[in-house]
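J.: Below: one structure in C-alpha cells.
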Amino acid sequence: MKKPSVPPARRPGARGNPLPALMAVAVLLLGGGAVIRMLVVDRAVPAVGGPYALNDTDGKAVTEASFHGRLTLIYFGYTHCVDVCPLTLAVMTRALDLLGPRGRAVVPIFVTVDPAHDTPEVMREYIRRFSPRIVGLTANEAALRPVLDRFHIAVHPQPTQGDATGSQLIDHTSVLYLMDGDNHLLAVLPVETEPRALARQIARYLPAS
C-alpha cells in the first residue's frame with residue numbers, strides 16, 4: 001500500500017516568530033497542493049498508530065496512555081525545517097483556536113523525526129513560538145524508530161549541507177493524524193489546507209457544543 005507522499009523539507013535557516021508571515025501566506029502556498037494531497041490521504045491505508053514511549057520537553061516519559069480519553073492531533077517533523085513543518089504547526093494551532101472550547105478536547109502533538117538534534121530543550125524552545133498547548137515529543141533513535149514505523153513515517157536525511165549547527169535537510173512524510181481517545185486512527189488530514197478548513201474537518205469528530 002502506498003504511503004502518503006513526502007513533501008521535501010528545505011535547507012535550515014534563521015528562524016524568528018513564524019506565525020505572522022506563515023499565516024499570511026498559508027492559503028496561497030497550500031491551496032494549489034490540496035487536491036493532490038487529498039487524493040493520497042483519502043485512499044485506504046494500512047493500520048496506523050500504536051503504542052509509543054517518548055519524552056516530552058521536560059524530559060518526562062509520555063506514552064499513548066497519557067492522553068487516554070482525549071483526541072490527539074499528531075504531526076511528525078523537525079525543528080530545523082523552515083517551510084512545511086512550521087506552516088503546519090501554525091495552521092494546526094489556528095485551527096484549534098477557531099474551534100474554541102471544543103478544540104480543547106484535542107491535544108496537538110509534535111513528534112520529531114530528528115532525535116539527534118531535537119533534544120527536549122530544543123523542542124521546548126521551538127514549540128513555544130506556536131502554542132503552549134503543543135506537546136513536543138522526542139526520544140533516542142532506538143525508541144523513536146518503531147513509532148515512525150507504526151505511523152508510516154518515512155524519513156530520508158539528505159547529505160549535510162555544512163551548517164555550523166550540524167543540521168541538515170530531511171525529507172519526511174508530512175500528514176496530520178487525528179487519533180481517538182484510545183489512540184486509534186480517526187482521520188488522516190492533509191497539511192495543505194487553511195485553518196478554517198482544517199477546523200471543519202476536526203469538528204466532524206468532536207461532540208456537539
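How things are named: the first chain in the C-alpha cells is A, the next is B, and so on; residues count from 1 in each chain; ligands count from 1 in the order shown.
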If you run DSSP over the backbone, which residues in segment 29-174 of chain A end up helix (DSSP H, G or I)? Put them as a PyMOL selection string.
T.: chain A and resi 29-31+34-41+64-67+84-98+100-105+120-127+141-150
J.: Quick one: residues within 8 Å of Glu121 of chain A, only C-alpha atoms counted, chain neighbours fewer than 3 positions away excluded, as a ChimeraX atom specification?
T.: /A:57-58,118,124-125
J.: Residues at most 12 Å from Leu99 of chain A, counting only C-alpha atoms, excluding those fewer than 6 positions away in the same chain, as a list in words?
T.: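 Close residues of Leu99 of chain A: Met92, Thr93, Ala105, Val106, Pro195, Arg196, Ala197, Leu198, Ala199, Arg200, Gln201, Ile202, Ala203, Arg204, Tyr205, Leu206, Pro207, Ala208 and Ser209 of chain A.
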J.: With C-alpha atoms kept, could you save the residues just selected as a JSON list (two decimals), in the first residue's frame?
T.:
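Listed below is the output, again_26.json:
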```
[["chain", "number", "residue", "atom", "x", "y", "z"],
["A", 92, "MET", "CA", -2.88, 23.43, 13.37],
["A", 93, "THR", "CA", -2.66, 25.97, 16.20],
["A", 105, "ALA", "CA", -10.74, 18.28, 23.56],
["A", 106, "VAL", "CA", -7.84, 17.84, 21.12],
["A", 195, "PRO", "CA", -7.06, 26.84, 9.27],
["A", 196, "ARG", "CA", -10.83, 27.12, 8.82],
["A", 197, "ALA", "CA", -10.95, 24.09, 6.54],
["A", 198, "LEU", "CA", -8.85, 22.06, 8.99],
["A", 199, "ALA", "CA", -11.08, 23.17, 11.88],
["A", 200, "ARG", "CA", -14.15, 21.96, 9.98],
["A", 201, "GLN", "CA", -12.55, 18.57, 9.37],
["A", 202, "ILE", "CA", -11.60, 18.16, 13.04],
["A", 203, "ALA", "CA", -15.04, 19.32, 14.19],
["A", 204, "ARG", "CA", -16.62, 16.31, 12.48],
["A", 205, "TYR", "CA", -15.10, 14.11, 15.19],
["A", 206, "LEU", "CA", -15.92, 16.31, 18.20],
["A", 207, "PRO", "CA", -19.06, 16.20, 20.35],
["A", 208, "ALA", "CA", -21.60, 18.89, 19.53],
["A", 209, "SER", "CA", -21.20, 22.01, 21.64]]
```
J.: Which residues, written as a PyMOL selection string, have at least one atom at most 9 Å from segment 87-90 of chain A, with only C-alpha atoms counted and residues fewer than 2 positions away on the same chain left out?
T.: chain A and resi 18-19+22-23+26+75+82-85+92-95+108+110+127+130-131+134+174-176+191-193+195
J.: Could you jot down the atom CA of Leu137 of chain A to atom CA of Asp149 of chain A separation for me, Å, one decimal place?
T.: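 These atoms are spaced 15.9 Å apart.
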J.: Report as a list of chain:residue names all protein, DNA and RNA residues lying within 8 Å of Ala154 of chain A, evaluated on only C-alpha atoms, omitting residues in the same chain fewer than 6 positions from it.
T.: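 Here the answer would be A:Val6, A:Leu148, A:Asp171, A:His172, A:Thr173.
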J.: Which polymer residues have any atom within 8 Å of an atom of Val113 of chain A, counting only C-alpha atoms, with same-chain residues fewer than 5 positions away left out, as a VMD selection string?
T.: chain A and resid 76 to 78 144 148 155 172
J.: Filtering to all heavy atoms, could you give me those residues as a compact mmCIF listing (two decimals), in the first residue's frame?
T.:
```txt
# COMPACT_ATOMS: atom_id res chain seq x y z
N PHE A 76 4.47 14.77 12.60
CA PHE A 76 5.89 14.41 12.67
C PHE A 76 6.69 15.39 11.81
O PHE A 76 6.37 15.60 10.64
CB PHE A 76 6.11 12.99 12.16
CG PHE A 76 5.52 11.92 13.04
CD1 PHE A 76 4.17 11.61 12.98
CD2 PHE A 76 6.33 11.22 13.92
CE1 PHE A 76 3.62 10.61 13.79
CE2 PHE A 76 5.80 10.21 14.73
CZ PHE A 76 4.44 9.92 14.67
N GLY A 77 7.73 15.97 12.39
CA GLY A 77 8.56 16.91 11.65
C GLY A 77 9.86 17.16 12.40
O GLY A 77 10.27 16.35 13.24
N TYR A 78 10.49 18.29 12.13
CA TYR A 78 11.74 18.59 12.83
C TYR A 78 11.93 20.10 12.93
O TYR A 78 11.39 20.87 12.13
CB TYR A 78 12.94 17.92 12.17
CG TYR A 78 13.29 18.39 10.77
CD1 TYR A 78 14.46 19.12 10.54
CD2 TYR A 78 12.47 18.09 9.67
CE1 TYR A 78 14.80 19.52 9.25
CE2 TYR A 78 12.81 18.49 8.40
CZ TYR A 78 13.98 19.21 8.19
OH TYR A 78 14.31 19.63 6.92
N LEU A 144 12.49 5.92 18.99
CA LEU A 144 11.68 6.63 18.01
C LEU A 144 11.37 5.78 16.77
O LEU A 144 10.28 5.87 16.19
CB LEU A 144 12.38 7.91 17.59
CG LEU A 144 11.62 8.84 16.65
CD1 LEU A 144 10.32 9.31 17.29
CD2 LEU A 144 12.49 10.03 16.27
N LEU A 148 7.91 5.70 14.37
CA LEU A 148 7.84 6.14 12.97
C LEU A 148 7.27 5.03 12.09
O LEU A 148 6.47 5.29 11.19
CB LEU A 148 9.23 6.54 12.49
CG LEU A 148 9.91 7.70 13.22
CD1 LEU A 148 11.30 7.94 12.67
CD2 LEU A 148 9.07 8.97 13.13
N VAL A 155 11.45 8.70 6.59
CA VAL A 155 12.42 9.75 6.91
C VAL A 155 13.68 9.52 6.08
O VAL A 155 14.28 8.44 6.13
CB VAL A 155 12.78 9.75 8.41
CG1 VAL A 155 13.82 10.82 8.71
CG2 VAL A 155 11.54 9.95 9.26
N HIS A 172 10.55 13.94 4.70
CA HIS A 172 9.76 13.09 5.59
C HIS A 172 8.28 13.15 5.22
O HIS A 172 7.81 14.13 4.64
CB HIS A 172 9.93 13.51 7.06
CG HIS A 172 9.49 14.92 7.35
ND1 HIS A 172 8.22 15.23 7.77
CD2 HIS A 172 10.15 16.09 7.26
CE1 HIS A 172 8.12 16.53 7.94
NE2 HIS A 172 9.28 17.08 7.64
```
J.: Out of A:His156, A:Pro190, A:Leu96, A:Phe151, which residue has the shortest atom-to-atom distance to Val48 of chain A when counting only C-alpha atoms?
T.: A:Phe151
J.: Using only C-alpha atoms, determine which residues lie at most 12 Å from Asn55 of chain A, disregarding the query and same-chain residues fewer than 6 positions distant; provide the list as a short mmCIF file (atom, residue, chain, number, x, y, z; two decimals) with C-alpha atoms, in the first residue's frame.
T.:
```cif
data_model
loop_
_atom_site.label_atom_id
_atom_site.label_comp_id
_atom_site.auth_asym_id
_atom_site.auth_seq_id
_atom_site.Cartn_x
_atom_site.Cartn_y
_atom_site.Cartn_z
CA ALA A 61 8.11 9.91 29.95
CA VAL A 62 4.99 10.10 27.79
CA THR A 63 3.02 7.20 26.32
CA GLU A 64 -0.23 6.92 24.40
CA SER A 66 -1.00 9.78 28.85
CA ILE A 109 1.41 16.74 19.40
CA PHE A 110 4.64 17.40 17.52
CA VAL A 111 6.98 14.40 17.26
CA THR A 112 10.49 14.95 15.96
CA PRO A 115 16.22 12.97 17.52
CA ASP A 118 15.86 17.85 18.63
CA THR A 119 16.56 17.45 22.32
CA PRO A 120 13.81 18.28 24.84
CA GLU A 121 15.36 21.74 25.28
CA MET A 123 11.86 21.18 21.15
CA ARG A 124 10.64 23.32 24.06
CA VAL A 135 3.12 18.68 23.32
CA GLY A 136 6.61 18.18 21.90
CA LEU A 137 7.91 14.62 21.96
CA THR A 138 11.38 13.27 21.27
CA ALA A 139 13.50 10.23 22.16
CA ASN A 140 16.63 8.44 21.10
CA ALA A 143 12.85 4.42 20.87
CA LEU A 144 11.68 6.63 18.01
#
```
J.: Please report the interatomic distance between atom CA of Pro157 of chain A and atom CA of Met179 of chain A in Å with one decimal.
T.: 27.1 Å
J.: Enter the distance from atom CA of Leu54 of chain A to atom CA of Val147 of chain A, in Å, rounded to one decimal.
T.: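 Rounded to one decimal, the two atoms are 9.1 Å apart.
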